[in-house]
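Here's the structure, in structure tokens; my notes come after.
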Amino acid sequence: MVAVAAPRQLPRKPLIFAGIVLAWLVLWLVFRNVGTLSLGAADLTPLHRWVNDVNDAVGASRNSNPVFLYFFNEIRLVIDEFVTFIQALIAQPSFGRPVPVIGWLGVVAIAGFVSLAVAGWRVALLAVAGFVFLGLQGLWQESMDTLSLTLAAVVISLLIGIPLGIWAGLSDRAHRILTPVLDFMQTMPTFVYLAPLTLFFLIGPASATIATLIYAAPPAIRITAHAIRSVPRTTVEASESLGATQKQTLVKVLLPSARKTIVLGVNQTIMAALSMVTIAALIDAPGLGKTVIKALQTLDVGTAFNAGLAIVVLAIVLDRVTTAAASERRKLPRWALFGGLGVTGVCVYLSYTYLWAAEFQSDVEIGSSIRKGATVVTEWAQDSLPVITDGFKDFVTFALINPLQALLAESPWFLVALVIVALSFMIGGVRSAIVSAVCVAALIATGLWQDSMITLASTLVATILVMLLGIVVGVWMGRSRRADRFIRPILDAAQVMPAFVYLVPFLALFSASRFTAIIAAVVFAAPVAIKIIADGIRAVSTATVEASTALGSSSWQTIVKVQLPMARGALTLAANQGLIYVLSMVVVGGLVGAGALGYDVVAGFSQGQLYGKGLAAGVAIVVLGVMLDRLTQAAAKRWTN
């Protein structure tokens, strides 16, 4: 009797996926440019006009409606006064003086002393050098305006976030309630917070601060809750067995044990606040962000680079101070602290009394040289590197961006909707399909379906590039300790920089285009994806890797057949986080020619008649973020299981 081998069964689900995509391509060829729900740049839907009418009605009743008089206006007034007070101290002329209360010398001394007290003398030297460099750039007042808004937002965020985090850490019910809210808030791109807040609080520092604290509070809440919950249960039980009350246990056990993690939460809050403050320049927030936006709009790369460099310097100083504060270090002797306090007091007095110590001298600056140098490098790159840059740009554009954008934006809306729901069902089941159907309906309701599809295409292309880069570099780091030690500090520094900064070098290389926004999004999102994948690869058991090698597998086979499959949880998490970061940055790219939803949001701020359209674009961005986030989470859960 002859045994006959059964034919090998092909995986069913990939075949269904391929069938759906193939049917989509065929129907796209038949119904191309039919039912695309396109809308001109200056055209409005009834929903957009209704939102404009609501905005006008709110503006007309702002000083008569009790809700505004006794709630929104009061909040705006209190926060505006708080911001103005901090600006009066370090940034703006105040109290009849031509200069702030504390001039540049006093601010530098305070920054150095605080850094010395909480982080040590090395970080103190970095802080002093960083703040002096801000003045040498000719951007002292702009930097202090940015710092003022950041400090105001951080203080309020921590006053709200730490108590909520403690509550969520102590109460399971509070944790269950707050977690989905925080997930949703952290999914939303930064742009989205701006338009609704201007409706209630107008444009200006108050709205910018409120938007910043809303964006910056979730890290403080989440990390504080995690810190409280991470304290060993045995430690808490020992405190309770000794007769400590719940309050005493919190103050004397939980908070001291969780101090390091809570300080890291403060660090994340500060970084989020600084990033948001620069973007809030779109609603007239003063500071470095406004300088960057004006420069980007006029394609002045030199000015944008100088201001972007100042943002990076400020971010690095704030990050290093708060990061060092969370680490164990040797305490400074008392004489050093009192000596530093005395020097700081003298510097503050001098900056209050003498003009030379209050106002950074304009004749001592290197900002003009930085601007000229950046402009020269930009012109050289645009003249000498077009063969490389244009070749890479054209390849990505014609091979990836154009085909995917044509498929999404030129297909009938009902066809794309059907494909999205079908793929969602395949990925995550009925629940994912329902979520995607609701999101698709919301995108149609905004009247910006085609712009949403263009933004989705850019987001997907950038995410594909992020994952390719993340896998290559992440596997290298995961397999090589030396590569990890070299690359990880670079990635950490890259994650400190606000989103705006990434636009500047790519604007110089590729000029204003959607490709510029996509490449900036890739570089912005790559650090988090690379680190997640590297940690996932390293988490694979050494014994498993050694067993694969012992069986004769090459390095390539070990990576492809052992490490990557076993790190699939990290891969899906990297894809999820990469999507969220990419979507946020692609939208910011509306400032450099990305078009679609990012342009709609920016136009809504700058042109009053397009306010409703800009607000609808913000809603569309949120809907895209929610849909992509839920789909990647569902895929991660199914793949991991």
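We label chains A, B, ... in the order they appear in the structure tokens, count residues from 1 in each chain, and number ligands from 1 in the order shown.
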Within 12 Å of region 252-259 of chain A, which residues of region 117-181 of chain A come that close, and what is the closest atom pair and distance in Å for each? Count only C-alpha atoms and give it as a Markdown table.
```
| residue | atom | partner | partner_atom | distance |
| --- | --- | --- | --- | --- |
| A:Ile162 | CA | A:Leu255 | CA | 10.7 |
| A:Pro163 | CA | A:Leu255 | CA | 11.4 |
| A:Gly165 | CA | A:Leu255 | CA | 11.4 |
| A:Ile166 | CA | A:Leu255 | CA | 8.8 |
| A:Gly169 | CA | A:Leu254 | CA | 9.9 |
| A:Leu170 | CA | A:Leu254 | CA | 9.8 |
```
Could you dump the residues just selected with C-alpha atoms as a short mmCIF file (atom, residue, chain, number, x, y, z; two decimals), in the first residue's frame?
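Ended up saving to part_32.cif:
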```cif
data_model
loop_
_atom_site.label_atom_id
_atom_site.label_comp_id
_atom_site.auth_asym_id
_atom_site.auth_seq_id
_atom_site.Cartn_x
_atom_site.Cartn_y
_atom_site.Cartn_z
CA ILE A 162 -0.90 63.64 41.04
CA PRO A 163 -4.04 63.55 43.29
CA GLY A 165 -3.06 59.36 40.07
CA ILE A 166 -2.98 58.63 43.81
CA GLY A 169 -3.51 53.92 42.52
CA LEU A 170 -5.54 53.32 45.68
#
```
Identify, on the basis of only C-alpha atoms, every residue whose closest approach to region 430-433 of chain A does not exceed 7 Å; exclude the query and any residue fewer than 6 positions from it along the same chain; express the result as a ChimeraX atom specification.
/A:421-422,424,631
Alpha helix (DSSP H) residues, from DSSP on the backbone, in region 553-596 of chain A, as a list in words:
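Reading the DSSP output for region 553-596 of chain A, alpha helix (DSSP H) covers Ser555, Trp556, Gln557, Thr558, Leu564, Pro565, Met566, Arg568, Gly569, Ala570, Leu571, Thr572, Leu573, Ala574, Ala575, Asn576, Gln577, Gly578, Leu579, Ile580, Tyr581, Val582, Leu583, Ser584, Met585, Val586, Val587, Val588 and Ala596 of chain A.
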Do you know which residues are at most 7 Å from region 359-364 of chain A counting only C-alpha atoms, after dropping those on the same chain fewer than 4 positions away, and could you put them as a PyMOL selection string?
chain A and resi 99+103-104+135-136+138+355
Output as a tab-separated table one row per residue of region 270-342 of chain A within 7 Å of region 145-156 of chain A: the closest atom pair and its distance in Å to one decimal place, counting only C-alpha atoms, sorted by chain and residue number ascending.
```
residue	atom	partner	partner_atom	distance
A:Ile270	CA	A:Val154	CA	6.1
A:Ala273	CA	A:Thr150	CA	5.6
A:Leu274	CA	A:Thr150	CA	5.6
A:Val277	CA	A:Thr150	CA	6.5
A:Pro286	CA	A:Asp145	CA	6.0
A:Gly287	CA	A:Thr146	CA	4.6
A:Leu288	CA	A:Thr146	CA	6.2
```
Would you list the contacts of Ile454 (chain A) as a list in words, taking every protein, DNA or RNA residue within 8 Å and counting only C-alpha atoms, but skipping same-chain residues closer than 4 positions in sequence?
Gln405, Leu408, Ala409, Gln450, Ser458 and Ala596 of chain A
Counting only C-alpha atoms, give me one row per residue of region 345-452 of chain A with an atom at most 6 Å from an atom of region 300-315 of chain A, showing the shortest contact pair and its distance in Å to one decimal, sorted by chain then residue number, as a Markdown table.
```
| residue | atom | partner | partner_atom | distance |
| --- | --- | --- | --- | --- |
| A:Arg371 | CA | A:Gly302 | CA | 4.1 |
| A:Ala374 | CA | A:Gly302 | CA | 4.8 |
| A:Thr375 | CA | A:Gly302 | CA | 4.8 |
```
Test item: residues at most 10 Å from region 536-540 of chain A, only C-alpha atoms, excluding those fewer than 6 positions along its chain, as number ranges by chain
A: 471, 474-481, 530, 559, 562-571, 573-574
Contacts of Ser436 (chain A) within 12 Å, only C-alpha atoms, excl. fewer than 4 positions in-chain, as an MDAnalysis selection string:
chainID A and resid 416:432 440:443 623:632 634
Which polymer residues have any atom within 10 Å of an atom of Val132 (chain A), counting only C-alpha atoms, with same-chain residues fewer than 2 positions away left out, as an mmCIF file with all heavy atoms, in the first residue's frame?
```cif
data_model
loop_
_atom_site.group_PDB
_atom_site.id
_atom_site.type_symbol
_atom_site.label_atom_id
_atom_site.label_comp_id
_atom_site.auth_asym_id
_atom_site.auth_seq_id
_atom_site.Cartn_x
_atom_site.Cartn_y
_atom_site.Cartn_z
ATOM 1 N N TRP A 104 17.951 88.055 33.082
ATOM 2 C CA TRP A 104 18.583 86.832 32.574
ATOM 3 C C TRP A 104 19.576 86.234 33.563
ATOM 4 O O TRP A 104 19.647 85.001 33.727
ATOM 5 C CB TRP A 104 19.259 87.110 31.229
ATOM 6 C CG TRP A 104 20.527 87.923 31.321
ATOM 7 C CD1 TRP A 104 20.657 89.273 31.240
ATOM 8 C CD2 TRP A 104 21.848 87.399 31.528
ATOM 9 N NE1 TRP A 104 21.970 89.641 31.386
ATOM 10 C CE2 TRP A 104 22.726 88.501 31.559
ATOM 11 C CE3 TRP A 104 22.371 86.125 31.691
ATOM 12 C CZ2 TRP A 104 24.094 88.369 31.746
ATOM 13 C CZ3 TRP A 104 23.742 85.984 31.879
ATOM 14 C CH2 TRP A 104 24.592 87.100 31.897
ATOM 15 N N LEU A 105 20.360 87.084 34.235
ATOM 16 C CA LEU A 105 21.361 86.569 35.166
ATOM 17 C C LEU A 105 20.694 85.844 36.332
ATOM 18 O O LEU A 105 21.160 84.777 36.762
ATOM 19 C CB LEU A 105 22.235 87.715 35.682
ATOM 20 C CG LEU A 105 23.398 87.314 36.600
ATOM 21 C CD1 LEU A 105 24.367 86.402 35.846
ATOM 22 C CD2 LEU A 105 24.128 88.546 37.138
ATOM 23 N N VAL A 107 17.689 84.398 36.281
ATOM 24 C CA VAL A 107 17.082 83.154 35.791
ATOM 25 C C VAL A 107 18.141 82.080 35.620
ATOM 26 O O VAL A 107 17.935 80.912 36.005
ATOM 27 C CB VAL A 107 16.339 83.407 34.459
ATOM 28 C CG1 VAL A 107 15.875 82.088 33.853
ATOM 29 C CG2 VAL A 107 15.156 84.336 34.678
ATOM 30 N N VAL A 108 19.282 82.440 35.049
ATOM 31 C CA VAL A 108 20.373 81.470 34.878
ATOM 32 C C VAL A 108 20.827 80.944 36.233
ATOM 33 O O VAL A 108 21.054 79.730 36.413
ATOM 34 C CB VAL A 108 21.544 82.106 34.110
ATOM 35 C CG1 VAL A 108 22.771 81.191 34.143
ATOM 36 C CG2 VAL A 108 21.154 82.412 32.675
ATOM 37 N N LEU A 126 25.249 71.987 32.960
ATOM 38 C CA LEU A 126 24.501 71.870 31.708
ATOM 39 C C LEU A 126 23.369 72.884 31.657
ATOM 40 O O LEU A 126 23.144 73.534 30.621
ATOM 41 C CB LEU A 126 23.933 70.451 31.575
ATOM 42 C CG LEU A 126 22.974 70.224 30.405
ATOM 43 C CD1 LEU A 126 23.707 70.341 29.077
ATOM 44 C CD2 LEU A 126 22.295 68.860 30.509
ATOM 45 N N ALA A 127 22.652 73.045 32.768
ATOM 46 C CA ALA A 127 21.534 73.988 32.801
ATOM 47 C C ALA A 127 22.016 75.420 32.596
ATOM 48 O O ALA A 127 21.424 76.186 31.819
ATOM 49 C CB ALA A 127 20.790 73.860 34.132
ATOM 50 N N VAL A 128 23.091 75.789 33.270
ATOM 51 C CA VAL A 128 23.629 77.154 33.125
ATOM 52 C C VAL A 128 24.080 77.387 31.687
ATOM 53 O O VAL A 128 23.751 78.414 31.069
ATOM 54 C CB VAL A 128 24.802 77.366 34.111
ATOM 55 C CG1 VAL A 128 25.545 78.663 33.783
ATOM 56 C CG2 VAL A 128 24.291 77.399 35.536
ATOM 57 N N ALA A 129 24.824 76.441 31.126
ATOM 58 C CA ALA A 129 25.295 76.584 29.745
ATOM 59 C C ALA A 129 24.127 76.650 28.770
ATOM 60 O O ALA A 129 24.120 77.450 27.828
ATOM 61 C CB ALA A 129 26.218 75.422 29.390
ATOM 62 N N GLY A 130 23.106 75.817 29.000
ATOM 63 C CA GLY A 130 21.943 75.807 28.112
ATOM 64 C C GLY A 130 21.195 77.124 28.126
ATOM 65 O O GLY A 130 20.837 77.667 27.069
ATOM 66 N N LEU A 134 20.673 80.064 25.119
ATOM 67 C CA LEU A 134 19.408 80.635 24.645
ATOM 68 C C LEU A 134 19.540 82.141 24.446
ATOM 69 O O LEU A 134 19.028 82.707 23.469
ATOM 70 C CB LEU A 134 18.280 80.336 25.645
ATOM 71 C CG LEU A 134 17.922 78.863 25.864
ATOM 72 C CD1 LEU A 134 16.867 78.744 26.963
ATOM 73 C CD2 LEU A 134 17.409 78.239 24.574
ATOM 74 N N GLY A 135 20.227 82.799 25.369
ATOM 75 C CA GLY A 135 20.436 84.239 25.225
ATOM 76 C C GLY A 135 21.362 84.567 24.070
ATOM 77 O O GLY A 135 21.131 85.522 23.320
ATOM 78 N N LEU A 136 22.416 83.761 23.908
ATOM 79 C CA LEU A 136 23.354 84.000 22.815
ATOM 80 C C LEU A 136 22.694 83.811 21.451
ATOM 81 O O LEU A 136 23.133 84.398 20.461
ATOM 82 C CB LEU A 136 24.556 83.060 22.939
ATOM 83 C CG LEU A 136 25.487 83.307 24.136
ATOM 84 C CD1 LEU A 136 26.553 82.229 24.210
ATOM 85 C CD2 LEU A 136 26.135 84.687 24.045
ATOM 86 N N GLN A 137 21.649 83.016 21.395
ATOM 87 C CA GLN A 137 20.919 82.838 20.137
ATOM 88 C C GLN A 137 20.067 84.052 19.780
ATOM 89 O O GLN A 137 19.507 84.109 18.683
ATOM 90 C CB GLN A 137 20.008 81.615 20.227
ATOM 91 C CG GLN A 137 20.737 80.291 20.173
ATOM 92 C CD GLN A 137 19.764 79.130 20.199
ATOM 93 O OE1 GLN A 137 19.347 78.670 21.239
ATOM 94 N NE2 GLN A 137 19.378 78.662 19.020
ATOM 95 N N TRP A 140 16.203 85.136 23.922
ATOM 96 C CA TRP A 140 15.992 85.022 25.365
ATOM 97 C C TRP A 140 14.519 85.223 25.735
ATOM 98 O O TRP A 140 13.929 84.400 26.441
ATOM 99 C CB TRP A 140 16.863 86.023 26.118
ATOM 100 C CG TRP A 140 16.634 85.937 27.603
ATOM 101 C CD1 TRP A 140 15.868 86.750 28.378
ATOM 102 C CD2 TRP A 140 17.167 84.934 28.475
ATOM 103 N NE1 TRP A 140 15.883 86.326 29.681
ATOM 104 C CE2 TRP A 140 16.674 85.206 29.773
ATOM 105 C CE3 TRP A 140 18.001 83.833 28.293
ATOM 106 C CZ2 TRP A 140 16.998 84.425 30.878
ATOM 107 C CZ3 TRP A 140 18.320 83.045 29.395
ATOM 108 C CH2 TRP A 140 17.816 83.350 30.662
ATOM 109 N N PHE A 360 19.451 90.601 28.280
ATOM 110 C CA PHE A 360 20.581 89.979 27.590
ATOM 111 C C PHE A 360 21.060 90.913 26.479
ATOM 112 O O PHE A 360 20.279 91.368 25.656
ATOM 113 C CB PHE A 360 20.167 88.629 27.000
ATOM 114 C CG PHE A 360 21.291 87.640 26.966
ATOM 115 C CD1 PHE A 360 21.404 86.662 27.927
ATOM 116 C CD2 PHE A 360 22.259 87.700 25.972
ATOM 117 C CE1 PHE A 360 22.446 85.745 27.904
ATOM 118 C CE2 PHE A 360 23.301 86.812 25.934
ATOM 119 C CZ PHE A 360 23.410 85.823 26.904
#
```
Would you please work out which residue, of A:Ala124, A:Leu456, A:Ala483, A:Leu282, is nearest to Val192 (chain A) when using only C-alpha atoms?
A:Leu282
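Compared by their closest atoms to Ala575 (chain A), and using only C-alpha atoms, the residues A:Pro386, A:Gly470, A:Gly593, A:Pro205 rank with A:Gly470 nearest.
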